[in-house]
Every structure is written in structure tokens, then in C-alpha cells.
$ cat my_file_10.txt   # compact mmCIF, C-alpha atoms (C1' of nucleotides)
# COMPACT_ATOMS: atom_id res chain seq x y z
CA MET T 245 -16.29 37.41 -41.65
CA ARG T 246 -12.90 38.67 -42.77
CA PRO T 247 -11.20 36.64 -45.52
CA ARG T 248 -8.27 34.62 -44.28
CA ASN T 249 -5.20 36.78 -44.05
CA ALA T 250 -2.51 36.02 -41.53
CA ALA T 251 -0.94 39.46 -41.53
CA ALA T 252 -4.21 41.31 -41.10
CA THR T 253 -5.36 38.96 -38.37
CA ARG T 254 -2.11 39.37 -36.52
CA GLU T 255 -2.57 43.11 -36.67
CA ALA T 256 -6.15 42.84 -35.45
CA ILE T 257 -5.00 40.80 -32.48
CA LEU T 258 -2.27 43.31 -31.67
CA ASP T 259 -4.74 46.19 -31.84
CA SER T 260 -7.21 44.39 -29.62
CA ALA T 261 -4.47 43.46 -27.17
CA LEU T 262 -3.13 47.01 -26.97
CA GLU T 263 -6.58 48.30 -26.20
CA ALA T 264 -7.28 45.66 -23.58
CA PHE T 265 -3.91 45.74 -21.82
CA THR T 266 -4.01 49.53 -21.71
CA ARG T 267 -7.54 49.60 -20.39
CA ALA T 268 -7.25 46.94 -17.70
CA GLY T 269 -3.63 45.86 -17.31
CA TYR T 270 -1.85 42.59 -18.03
CA ASP T 271 -3.33 40.49 -15.24
CA ALA T 272 -6.92 41.64 -15.57
CA VAL T 273 -7.26 40.71 -19.23
CA GLY T 274 -7.85 37.19 -20.50
CA VAL T 275 -6.60 35.81 -23.78
CA ARG T 276 -10.16 34.85 -24.72
CA GLU T 277 -11.27 38.45 -24.27
CA ILE T 278 -8.55 39.76 -26.55
CA ALA T 279 -9.24 37.06 -29.11
CA GLU T 280 -12.96 37.65 -29.17
CA SER T 281 -12.75 41.36 -29.82
CA ALA T 282 -10.34 40.56 -32.65
CA GLY T 283 -12.92 38.16 -34.09
CA VAL T 284 -10.79 35.13 -33.48
CA THR T 285 -10.29 32.17 -31.17
CA ALA T 286 -8.07 32.23 -28.11
CA MET T 287 -5.86 29.52 -29.48
CA LEU T 288 -4.99 31.51 -32.56
CA VAL T 289 -3.50 34.16 -30.32
CA ASN T 290 -1.17 31.63 -28.78
CA ARG T 291 -0.43 30.20 -32.20
CA TYR T 292 0.78 33.58 -33.42
CA PHE T 293 2.45 34.89 -30.29
CA GLY T 294 3.43 31.77 -28.39
CA SER T 295 1.82 32.82 -25.13
CA LYS T 296 0.09 35.69 -23.40
CA GLU T 297 3.46 36.94 -22.31
CA GLY T 298 4.80 36.84 -25.86
CA LEU T 299 1.79 38.80 -27.04
CA PHE T 300 2.34 41.38 -24.34
CA ALA T 301 5.97 41.76 -25.36
CA GLU T 302 5.00 42.51 -28.94
CA VAL T 303 2.34 44.96 -27.84
CA VAL T 304 4.83 46.82 -25.66
CA GLU T 305 7.42 46.87 -28.40
CA ALA T 306 4.95 48.30 -30.89
CA ALA T 307 3.49 50.84 -28.49
CA MET T 308 6.84 52.19 -27.38
CA ALA T 309 8.50 52.19 -30.79
CA GLU T 310 5.89 54.35 -32.48
CA ARG T 311 5.80 56.75 -29.58
CA THR T 312 5.18 60.26 -30.78
CA VAL T 313 8.20 62.43 -30.58
CA LEU T 314 7.58 65.53 -28.53
CA THR T 315 10.30 67.81 -29.75
CA ASP T 316 13.85 67.65 -30.85
CA ASP T 317 14.54 71.06 -29.42
CA PRO T 318 16.09 70.78 -25.95
CA ALA T 319 15.28 74.41 -25.26
CA THR T 320 11.53 73.84 -25.23
CA LEU T 321 11.65 70.25 -24.01
CA ALA T 322 10.52 70.88 -20.43
CA ALA T 323 7.62 73.05 -21.53
CA ASP T 324 6.59 70.60 -24.23
CA ILE T 325 6.56 67.66 -21.87
CA ALA T 326 4.55 69.56 -19.28
CA ALA T 327 1.96 70.64 -21.83
CA ALA T 328 1.60 67.19 -23.37
CA LEU T 329 1.36 65.56 -19.96
CA VAL T 330 -1.45 67.77 -18.72
CA ARG T 331 -3.30 67.45 -21.99
CA ARG T 332 -3.04 63.67 -22.26
CA THR T 333 -4.08 63.01 -18.67
CA ALA T 334 -7.12 65.26 -18.88
CA PRO T 335 -10.38 63.57 -17.86
CA ASP T 336 -11.76 63.68 -21.38
CA ALA T 337 -8.61 62.61 -23.18
CA GLY T 338 -8.20 59.38 -25.10
CA ARG T 339 -6.99 56.53 -22.96
CA LEU T 340 -4.46 54.70 -25.09
CA ASP T 341 -1.22 56.12 -23.79
CA PRO T 342 1.78 53.81 -23.35
CA PHE T 343 2.12 55.12 -19.82
CA LEU T 344 -1.25 53.67 -18.96
CA LEU T 345 -0.20 50.39 -20.48
CA MET T 346 2.86 50.46 -18.27
CA LEU T 347 1.21 51.52 -15.03
CA ARG T 348 -1.64 49.07 -15.18
CA SER T 349 0.59 46.14 -16.11
CA ALA T 350 3.58 46.90 -13.89
CA PRO T 351 2.30 44.95 -10.86
CA ASN T 352 2.98 41.71 -12.71
CA PRO T 353 6.72 41.07 -12.39
CA ARG T 354 7.14 39.44 -15.78
CA ALA T 355 5.25 42.27 -17.44
CA ALA T 356 7.33 44.77 -15.50
CA GLU T 357 10.54 43.33 -16.85
CA ILE T 358 9.24 43.55 -20.41
CA LEU T 359 8.18 47.13 -19.78
CA ARG T 360 11.50 48.09 -18.27
CA ALA T 361 13.34 46.83 -21.33
CA GLY T 362 10.97 48.65 -23.68
CA ILE T 363 11.22 51.90 -21.82
CA GLU T 364 14.96 51.90 -21.65
CA ARG T 365 15.28 50.90 -25.28
CA HIS T 366 12.84 53.45 -26.66
CA VAL T 367 11.43 56.15 -24.40
CA GLU T 368 14.37 56.87 -22.16
CA LYS T 369 16.70 56.48 -25.10
CA HIS T 370 14.85 59.12 -27.06
CA LEU T 371 14.85 61.54 -24.16
CA ILE T 372 18.58 61.10 -23.77
CA ASP T 373 19.21 61.63 -27.46
CA VAL T 374 17.38 64.92 -27.48
CA LEU T 375 19.27 66.33 -24.56
CA PRO T 376 22.72 67.83 -24.99
CA ALA T 377 25.33 65.22 -24.29
CA LYS T 378 26.60 66.71 -21.07
CA LYS T 379 25.04 65.65 -17.78
CA HIS T 380 22.01 63.61 -18.54
CA THR T 381 22.53 60.69 -16.25
CA GLU T 382 19.63 60.72 -13.83
CA GLY T 383 17.70 63.57 -15.43
CA PRO T 384 15.72 61.63 -18.04
CA ALA T 385 14.99 58.75 -15.68
CA LEU T 386 13.69 61.15 -13.04
CA ALA T 387 11.63 63.01 -15.60
CA LEU T 388 10.02 59.72 -16.62
CA ALA T 389 9.29 59.05 -12.97
CA VAL T 390 7.51 62.38 -12.63
CA ILE T 391 5.48 61.69 -15.75
CA ALA T 392 4.54 58.24 -14.48
CA GLY T 393 3.55 59.58 -11.09
CA PHE T 394 1.35 62.26 -12.55
CA TRP T 395 -0.38 59.64 -14.69
CA VAL T 396 -0.92 57.43 -11.67
CA MET T 397 -2.42 60.05 -9.44
CA ARG T 398 -4.50 61.80 -12.05
CA THR T 399 -5.76 58.83 -14.01
CA LEU T 400 -5.48 55.59 -12.05
CA ILE T 401 -6.19 56.94 -8.58
CA GLY T 402 -8.26 59.87 -9.75
CA SER T 403 -7.04 62.44 -7.25
CA THR T 404 -9.77 65.02 -6.88
CA GLU T 405 -7.16 67.69 -6.23
CA LEU T 406 -5.47 67.04 -9.58
CA ALA T 407 -8.84 66.71 -11.29
CA ARG T 408 -10.19 70.07 -10.29
CA ALA T 409 -6.93 72.00 -10.33
CA ASP T 410 -6.44 74.71 -12.90
CA GLU T 411 -4.64 73.04 -15.79
CA ALA T 412 -2.56 76.11 -16.51
CA VAL T 413 -1.25 76.08 -12.96
CA LEU T 414 -0.46 72.39 -13.11
CA GLU T 415 1.36 72.87 -16.37
CA ALA T 416 3.38 75.75 -14.99
CA LYS T 417 4.48 73.80 -11.92
CA LEU T 418 5.35 70.77 -13.98
CA ARG T 419 7.33 72.91 -16.39
CA LYS T 420 9.43 74.12 -13.48
CA VAL T 421 9.98 70.54 -12.31
CA PHE T 422 11.08 69.30 -15.71
CA ALA T 423 13.31 72.33 -16.11
CA VAL T 424 15.05 71.41 -12.86
CA LEU T 425 15.46 67.79 -13.89
CA LEU T 426 16.54 68.28 -17.48
CA ALA T 427 18.76 71.28 -16.97
CA GLU T 428 22.53 71.48 -16.58
CA MET P 276 -2.52 26.28 17.16
CA ARG P 277 -3.48 29.63 18.59
CA PRO P 278 -6.27 29.60 21.17
CA ARG P 279 -9.51 31.00 19.89
CA ASN P 280 -9.48 34.75 20.04
CA ALA P 281 -11.48 36.81 17.60
CA ALA P 282 -9.52 40.02 18.04
CA ALA P 283 -6.13 38.37 17.65
CA THR P 284 -7.27 36.40 14.63
CA ARG P 285 -8.66 39.50 13.00
CA GLU P 286 -5.31 41.18 13.51
CA ALA P 287 -3.45 38.20 12.09
CA ILE P 288 -5.60 38.31 8.98
CA LEU P 289 -5.03 42.04 8.59
CA ASP P 290 -1.27 41.59 8.91
CA SER P 291 -1.23 38.78 6.41
CA ALA P 292 -3.39 40.77 4.01
CA LEU P 293 -1.22 43.86 4.26
CA GLU P 294 1.84 41.83 3.45
CA ALA P 295 0.20 40.05 0.52
CA PHE P 296 -1.53 43.06 -1.04
CA THR P 297 1.67 45.09 -0.75
CA ARG P 298 3.78 42.35 -2.26
CA ALA P 299 1.58 41.39 -5.17
CA GLY P 300 -1.34 43.82 -5.49
CA TYR P 301 -5.07 43.40 -5.02
CA ASP P 302 -5.81 41.30 -8.08
CA ALA P 303 -2.87 38.95 -7.83
CA VAL P 304 -3.65 37.77 -4.31
CA GLY P 305 -6.29 35.20 -3.45
CA VAL P 306 -8.32 35.11 -0.28
CA ARG P 307 -7.15 31.55 0.37
CA GLU P 308 -3.54 32.68 0.24
CA ILE P 309 -4.13 35.42 2.79
CA ALA P 310 -6.11 33.09 5.01
CA GLU P 311 -3.53 30.34 4.92
CA SER P 312 -0.63 32.51 5.98
CA ALA P 313 -2.80 33.76 8.85
CA GLY P 314 -3.41 30.16 9.88
CA VAL P 315 -7.10 30.32 9.08
CA THR P 316 -9.67 29.31 6.49
CA ALA P 317 -10.71 31.48 3.58
CA MET P 318 -14.26 31.65 4.77
CA LEU P 319 -13.28 33.16 8.07
CA VAL P 320 -11.81 36.08 6.21
CA ASN P 321 -15.11 36.76 4.55
CA ARG P 322 -16.90 36.23 7.83
CA TYR P 323 -14.87 38.99 9.45
CA PHE P 324 -14.54 41.42 6.56
CA GLY P 325 -17.55 40.68 4.41
CA SER P 326 -15.60 40.26 1.21
CA LYS P 327 -12.15 40.60 -0.30
CA GLU P 328 -12.96 44.20 -1.09
CA GLY P 329 -13.98 44.87 2.50
CA LEU P 330 -10.75 43.36 3.73
CA PHE P 331 -8.78 45.53 1.35
CA ALA P 332 -10.56 48.63 2.59
CA GLU P 333 -9.62 47.87 6.17
CA VAL P 334 -6.03 47.15 5.20
CA VAL P 335 -5.77 50.46 3.37
CA GLU P 336 -7.34 52.34 6.23
CA ALA P 337 -4.92 50.85 8.73
CA ALA P 338 -1.86 51.30 6.53
CA MET P 339 -2.56 54.92 5.77
CA ALA P 340 -3.68 55.94 9.22
CA GLU P 341 -0.55 54.80 11.01
CA ARG P 342 1.65 56.35 8.37
CA THR P 343 4.84 57.63 9.87
CA VAL P 344 4.98 61.34 10.07
CA LEU P 345 7.99 62.75 8.34
CA THR P 346 8.29 66.13 9.94
CA ASP P 347 6.11 68.86 11.22
CA ASP P 348 8.64 71.46 10.22
CA PRO P 349 7.74 72.98 6.84
CA ALA P 350 11.24 74.38 6.51
CA THR P 351 12.87 70.97 6.20
CA LEU P 352 9.90 69.21 4.61
CA ALA P 353 11.26 69.02 1.07
CA ALA P 354 14.62 67.69 2.22
CA ASP P 355 13.01 65.21 4.58
CA ILE P 356 10.72 63.80 1.93
CA ALA P 357 13.57 63.47 -0.55
CA ALA P 358 15.76 61.65 1.94
CA ALA P 359 13.03 59.28 3.08
CA LEU P 360 11.99 58.55 -0.49
CA VAL P 361 15.48 57.58 -1.65
CA ARG P 362 16.06 55.51 1.45
CA ARG P 363 12.79 53.63 1.34
CA THR P 364 13.01 52.78 -2.36
CA ALA P 365 16.57 51.49 -2.07
CA PRO P 366 17.04 47.98 -3.47
CA ASP P 367 17.71 46.52 -0.03
CA ALA P 368 14.95 48.35 1.83
CA GLY P 369 11.95 46.71 3.41
CA ARG P 370 9.04 46.35 1.07
CA LEU P 371 6.00 47.22 3.12
CA ASP P 372 5.41 50.81 2.17
CA PRO P 373 1.86 52.07 1.65
CA PHE P 374 2.94 53.45 -1.69
CA LEU P 375 3.70 49.94 -2.90
CA LEU P 376 0.30 48.84 -1.67
CA MET P 377 -1.22 51.63 -3.69
CA LEU P 378 0.76 51.21 -6.88
CA ARG P 379 0.32 47.47 -7.16
CA SER P 380 -3.39 47.59 -6.43
CA ALA P 381 -4.31 50.71 -8.37
CA PRO P 382 -5.05 48.90 -11.65
CA ASN P 383 -8.20 47.47 -10.11
CA PRO P 384 -10.81 50.25 -10.31
CA ARG P 385 -12.58 49.33 -7.08
CA ALA P 386 -9.28 49.16 -5.24
CA ALA P 387 -8.27 52.46 -6.80
CA GLU P 388 -11.36 54.17 -5.43
CA ILE P 389 -10.64 52.86 -1.94
CA LEU P 390 -7.04 54.02 -2.24
CA ARG P 391 -8.03 57.46 -3.44
CA ALA P 392 -10.27 57.96 -0.45
CA GLY P 393 -7.58 56.76 1.94
CA ILE P 394 -4.90 58.97 0.45
CA GLU P 395 -7.00 62.07 0.49
CA ARG P 396 -8.23 61.41 4.01
CA HIS P 397 -4.83 60.65 5.51
CA VAL P 398 -1.68 61.21 3.49
CA GLU P 399 -2.61 64.28 1.50
CA LYS P 400 -4.39 65.68 4.50
CA HIS P 401 -1.29 65.41 6.64
CA LEU P 402 0.89 67.05 4.01
CA ILE P 403 -1.54 69.93 3.77
CA ASP P 404 -1.66 70.35 7.53
CA VAL P 405 2.09 70.65 7.80
CA LEU P 406 2.36 73.31 5.16
CA PRO P 407 1.63 76.95 5.96
CA ALA P 408 -1.94 77.73 5.15
CA LYS P 409 -1.23 79.94 2.17
CA LYS P 410 -1.04 78.44 -1.28
CA HIS P 411 -1.09 74.70 -0.93
CA THR P 412 -3.66 73.78 -3.49
CA GLU P 413 -1.87 71.64 -6.05
CA GLY P 414 1.49 71.44 -4.30
CA PRO P 415 0.83 68.46 -2.01
CA ALA P 416 -0.99 66.52 -4.70
CA LEU P 417 1.86 67.05 -7.13
CA ALA P 418 4.41 66.09 -4.51
CA LEU P 419 2.53 62.84 -3.94
CA ALA P 420 2.58 62.26 -7.69
CA VAL P 421 6.36 62.66 -7.76
CA ILE P 422 6.74 60.26 -4.85
CA ALA P 423 4.48 57.73 -6.53
CA GLY P 424 6.34 58.01 -9.82
CA PHE P 425 9.71 57.52 -8.20
CA TRP P 426 8.39 54.41 -6.46
CA VAL P 427 7.03 53.06 -9.71
CA MET P 428 10.17 53.50 -11.73
CA ARG P 429 12.62 52.48 -9.07
CA THR P 430 10.76 49.58 -7.52
CA LEU P 431 8.04 48.24 -9.80
CA ILE P 432 9.75 48.77 -13.13
CA GLY P 433 13.26 48.55 -11.76
CA SER P 434 14.84 51.24 -13.92
CA THR P 435 18.53 50.44 -14.16
CA GLU P 436 19.31 54.15 -14.37
CA LEU P 437 17.64 54.82 -11.03
CA ALA P 438 19.14 51.68 -9.56
CA ARG P 439 22.75 52.50 -10.27
CA ALA P 440 22.53 56.26 -9.83
CA ASP P 441 24.35 57.89 -6.96
CA GLU P 442 21.80 58.15 -4.18
CA ALA P 443 23.13 61.48 -3.02
CA VAL P 444 22.58 62.94 -6.46
CA LEU P 445 19.07 61.53 -6.66
CA GLU P 446 18.27 62.96 -3.28
CA ALA P 447 19.60 66.37 -4.23
CA LYS P 448 17.56 66.53 -7.41
CA LEU P 449 14.43 65.36 -5.65
CA ARG P 450 14.96 67.92 -2.92
CA LYS P 451 14.94 70.63 -5.56
CA VAL P 452 11.76 69.25 -7.08
CA PHE P 453 9.92 69.12 -3.76
CA ALA P 454 11.14 72.58 -2.93
CA VAL P 455 9.61 73.86 -6.14
CA LEU P 456 6.32 72.09 -5.48
CA LEU P 457 5.92 72.87 -1.80
CA ALA P 458 7.20 76.42 -1.86
CA GLU P 459 5.34 79.74 -1.98
C1' DC I 28 -10.08 20.59 -60.69
C1' DC I 29 -8.02 19.24 -56.81
C1' DA I 30 -4.47 18.40 -53.63
C1' DA I 31 -1.68 20.51 -50.14
C1' DG I 32 -0.67 23.53 -46.78
C1' DA I 33 -1.97 27.45 -44.28
C1' DA I 34 -5.59 29.67 -41.33
C1' DG I 35 -8.48 28.96 -37.96
C1' DT I 36 -11.52 26.18 -34.52
C1' DA I 37 -13.14 22.67 -30.85
C1' DT I 38 -12.43 20.23 -26.94
C1' DA I 39 -10.26 19.49 -22.91
C1' DC I 40 -7.50 19.85 -18.74
C1' DA I 41 -5.81 21.09 -14.37
C1' DG I 42 -6.04 24.70 -11.44
C1' DC I 43 -7.48 28.75 -9.83
C1' DT I 44 -11.15 32.58 -8.27
C1' DG I 45 -14.72 34.71 -4.63
C1' DT I 46 -18.17 33.36 -1.71
C1' DA I 47 -22.71 30.94 -0.01
C1' DG I 48 -24.73 27.40 3.37
C1' DA I 49 -24.38 23.94 6.53
C1' DC I 50 -21.52 22.05 9.62
C1' DT I 51 -18.17 21.15 13.78
C1' DT I 52 -15.27 22.45 17.54
C1' DG I 53 -13.87 24.97 21.36
C1' DA I 54 -14.04 28.13 25.59
C1' DC I 55 -16.51 30.05 29.12
C1' DT I 56 -20.68 30.60 32.34
C1' DC I 57 -23.80 28.79 35.47
C1' DG A 287 -19.83 19.03 34.53
C1' DA A 288 -23.32 20.49 31.01
C1' DG A 289 -25.02 23.65 27.95
C1' DT A 290 -24.59 27.60 24.91
C1' DC A 291 -22.92 30.75 21.75
C1' DA A 292 -19.05 32.31 19.40
C1' DA A 293 -15.03 30.81 16.60
C1' DG A 294 -13.75 28.32 13.01
C1' DT A 295 -14.05 24.72 9.16
C1' DC A 296 -15.95 21.71 5.08
C1' DT A 297 -18.00 21.21 0.90
C1' DA A 298 -19.60 23.04 -3.02
C1' DC A 299 -20.61 25.95 -6.94
C1' DA A 300 -20.29 28.49 -11.10
C1' DG A 301 -17.03 30.61 -13.66
C1' DC A 302 -12.82 31.89 -14.92
C1' DT A 303 -7.48 31.23 -16.26
C1' DG A 304 -3.54 29.84 -19.86
C1' DT A 305 -2.52 26.56 -23.10
C1' DA A 306 -1.78 21.64 -25.36
C1' DT A 307 -3.63 18.32 -28.82
C1' DA A 308 -6.42 17.19 -32.41
C1' DC A 309 -9.42 18.68 -35.58
C1' DT A 310 -11.78 21.34 -39.60
C1' DT A 311 -12.14 24.76 -43.27
C1' DC A 312 -10.57 27.84 -46.61
C1' DT A 313 -7.39 29.56 -50.35
C1' DT A 314 -4.30 29.10 -53.63
C1' DG A 315 -0.75 26.86 -57.04
C1' DG A 316 -0.08 23.40 -60.31
$ encode --input "my_file_10.txt" --output "C-alpha cells"
Amino acid sequence: MRPRNAAATREAILDSALEAFTRAGYDAVGVREIAESAGVTAMLVNRYFGSKEGLFAEVVEAAMAERTVLTDDPATLAADIAAALVRRTAPDAGRLDPFLLMLRSAPNPRAAEILRAGIERHVEKHLIDVLPAKKHTEGPALALAVIAGFWVMRTLIGSTELARADEAVLEAKLRKVFAVLLAE
Amino acid sequence: MRPRNAAATREAILDSALEAFTRAGYDAVGVREIAESAGVTAMLVNRYFGSKEGLFAEVVEAAMAERTVLTDDPATLAADIAAALVRRTAPDAGRLDPFLLMLRSAPNPRAAEILRAGIERHVEKHLIDVLPAKKHTEGPALALAVIAGFWVMRTLIGSTELARADEAVLEAKLRKVFAVLLAE
DNA sequence: CCAAGAAGTATACAGCTGTAGACTTGACTC
DNA sequence: GAGTCAAGTCTACAGCTGTATACTTCTTGG
């Protein structure tokens, strides 16, 4: 039994919620489930975060804000993204990526709106900042779409083609795609 | 009140289910909801399809099998896919695409498995058949990933960047991407 | 030492979920 | 026209959902 500590408990709930929402998606997770694996009652979750939706919003904010920066070098950006993408969607990789959180929760419209705001405020923003200021209107948004799609097919759907493909080949093709999208 | 007709009723349930699953996703739709908008009781659905999961499997099978063929000409394939993708994800387009069915139901693992089988048996298969027999190992799977990702960001998430972008520019960039993936 | 306020819990509600078993209604054949 | 089998419905169950109100327990400051 943890000694009473509001801040630590809040953090425990956030951790538990991030894990659960990422693993199963917004709709498939109950507040009681999150509360229990944080060692707490369901009502305390609502007391701290107002509602399930409020909790989700804080989880998204935290997950997207601390997103690991890939590179600040626009020259290697396409290659870096391709490499990280293949690595993080590998069958044996850890499953706590913000993209999974997004894809599994996006079917719920209210969750989707929260996700859209978070993405545009953090992820897309970062991608735009790294690129040279010239023509980066649709490029970053399209690159995010490609990343999301690769996550979907390789992880959610479990495409056997993408599972057994040579990772070096996948990475090379993706590098070309990102180069096309982030160039000029 | 429709006269009793097993075949017609079955079809009505399938139509209703396709609409509902596509609009809200597997988990967010109840059997009663599907039954009601088919003018029928929930139990009849289970009587015909065994279970919600069985119903979903039939819906997926039907949706993917009758999928509209884009082209049989590999030369214009990339351009055709890009054009169709931009058109069908437009804000004012009809919302009954199999990709929406997939993306909104994929968070449920049992639905995902059904979807994976359907995609590989029908959609991916067709894409492979159209392409020249040479090197089409990862190409079609990656192209499907790009399509899925574009659907996610433009329709589920509602990216403002992709919403306000010039459709001609989007189409041009996507054409390049598909050309890269489906070439050689 | 002991109050006061914060941290956390218990109970409850109204409504939903998928589906099992027993039932009724209708159309069509003889 | 009556009987029969399929087509369709009713009721029910056990369990879940998010959250509101009222309660208890712990910790800490004076």
C-alpha cells in the first residue's frame, strides 16, 4: 500500500492509462481497469481527471509532448524516419508507441478530435520545424500518413507480407517514399 | 412490414451491418442497433450469422469481394490509385469504403484477424495480379499501407493540413509515392 | 494531541452488451 | 381449410459501462 501522495497517484494513473489505451484503444478500456492496475478506485480517476475523456486528453498530451526527437538534420530526416519506423513496428518491439495509441483510439470521434489536436500541436509541428522553411505544406502531413499506414498494416492488421519481408528492403523503399514527400 | 423472406432479410441485415460497422467500427456497434435498422430483432441476427463475429466476417467478405477494380493496366496503376484515393477521402465523399470498415474495426483483435484474411485474399491479391509478375513482393503491401494511412489521417483523424490542401497537389505527390512502390 | 482537510473508497444507478431458451406468428402444401 | 415447418420475436441473464453522491481513512499543522 503506497502512502498517500496525490502527485504520485496521479502519475500512476497516467502511466496505467497510457499502457491500457495504447494496448486496447479508448473504447475497449474501462475506467475500472485503469484504476485497478494503478492500485486505486475508479472514482479517484474521475476525481483527478474529471472524466474518462479528460484522462485520455492528458494521456495524449503527455505521450505526444515527450515524443523522442528523431533528428534535427533535414538531410538525414527521410532515412532516419524510415529506420525508426521499421525498427519500432518490428514484431518483437515494445508496444507503447504514440502511433498505436492514436490508431487504436481513432475510431471514437471524441478521441479522434483530441488526437488530431495533439498531433498538430506536437508531432506535425516538430516535423515542420525541422524541415527547411520552403515548401513544407503537405509534405509532413503526408509523411505522417505513411507512418500511420505502415503501423496499421504491420501491427494492427498484421499483414503477413510486411511481417516476413526483408526489413532492409522495407526500409529502403520507405526511405525513397519519405524522400519524395519531404523533398523540395 | 416486409413479407417473410429469409434471403431478403439476410441481405437487409448484411446491408445494415455494413453501414454500421463502417460508420462506427466493430466495437462501437451493438447487435440490437444493426437489427433494428434492418427491421428485425437482435436474436434473428445471431440466428442467421451465429454471432456478432460471424456477422462481421460475412460483412468483410462481401465488402472486399465486390471491391471495385481500379484498372487492369499496370502502366496507369499508380496514377489511378492516387486519383481514386484523393477522391474517395474527400470531405464530401460517401463514407462506405472498405478501408473505413477496416480502420475503424482494426482495434479489436478478432476483427483485425478477419480483416487481415480478407485483405490478403482479395485486395492485396488483386493488386498483385495486376502488376507484372517480376518484383512485387513488398510493393503492393506497402501501397496498401500508404492508402490506409491516408484514409486514417484524412478521414478518421481529420488532419486540417490534409483537409485544406490542394487536391491536385496531394494527388501528384501520392502518384509519385505509388510509382516508387509499384515500380521495378 | 487532535482537529481539519485532503486522499481515497463504497454504494448505487441507469443503461448498455452479446447471446441462450422458449415462445409465437406467418406462408405454403396437401 | 388445416397442418407443418420455417421465420421471427420475447424474456431473461450475467456482466459490463461511466459517473454522481455520500462516506471513511489517513496525514499533517497548530
$ atom_distance --input "my_file_10.txt" --atom1 "atom CA of P:Leu456" --atom2 "atom CA of P:Gly414"
5.0 Å
$ residues_around --input "my_file_10.txt" --residues "P:Ile422" --least-positions-apart "4" --cutoff "9 Å" --atoms "only C-alpha atoms (C1' of nucleotides)" --output "list in words"
Ala389, Val390 and Gly393 of chain T; Ile356, Ala357, Leu360, Phe374, Leu417, Ala418, Trp426 and Val427 of chain P
$ write_last_selection --input "my_file_10.txt" --atoms "C-alpha atoms" --output "PDB file, keeping the file's coordinate frame"
ATOM      1  CA  ALA T 389       9.290  59.050 -12.970  1.00  0.00           C
ATOM      2  CA  VAL T 390       7.510  62.380 -12.630  1.00  0.00           C
ATOM      3  CA  GLY T 393       3.550  59.580 -11.090  1.00  0.00           C
TER       4      GLY T 393
ATOM      5  CA  ILE P 356      10.720  63.800   1.930  1.00  0.00           C
ATOM      6  CA  ALA P 357      13.570  63.470  -0.550  1.00  0.00           C
ATOM      7  CA  LEU P 360      11.990  58.550  -0.490  1.00  0.00           C
ATOM      8  CA  PHE P 374       2.940  53.450  -1.690  1.00  0.00           C
ATOM      9  CA  LEU P 417       1.860  67.050  -7.130  1.00  0.00           C
ATOM     10  CA  ALA P 418       4.410  66.090  -4.510  1.00  0.00           C
ATOM     11  CA  TRP P 426       8.390  54.410  -6.460  1.00  0.00           C
ATOM     12  CA  VAL P 427       7.030  53.060  -9.710  1.00  0.00           C
TER      13      VAL P 427
END
$ residues_around --input "my_file_10.txt" --residues "A:DC296" --least-positions-apart "6" --cutoff "12 Å" --atoms "only C-alpha atoms (C1' of nucleotides)" --output "PyMOL selection string"
(chain P and resi 316-318) or (chain I and resi 48-51)
$ residues_around --input "my_file_10.txt" --residues "P:Thr435" --least-positions-apart "4" --cutoff "12 Å" --atoms "only C-alpha atoms (C1' of nucleotides)" --output "JSON, numbers by chain"
{"T": [357, 360, 361, 363, 364, 365, 368, 381, 382, 385, 386], "P": [366, 428, 429, 430, 431, 439, 440, 441]}
$ interface_residues --input "my_file_10.txt" --of "chain I" --to "chain P" --cutoff "10 Å" --atoms "all atoms listed in the file" --output "ChimeraX atom specification"
/I:43-47,53-54
$ residues_near_point --input "my_file_10.txt" --point "(-5.5, 22.4, -33.0)" --cutoff "10 Å" --atoms "all atoms listed in the file" --output "JSON, numbers by chain"
{"T": [287, 288, 291], "I": [35, 36, 37, 38], "A": [306, 307, 308, 309, 310]}
$ atom_distance --input "my_file_10.txt" --atom1 "atom C1' of A:DT295" --atom2 "atom CA of P:Ala338"
29.4 Å
$ interface_residues --input "my_file_10.txt" --of "chain A" --to "chain T" --cutoff "8 Å" --atoms "only C-alpha atoms (C1' of nucleotides)" --output "PyMOL selection string"
chain A and resi 303-305+312-313
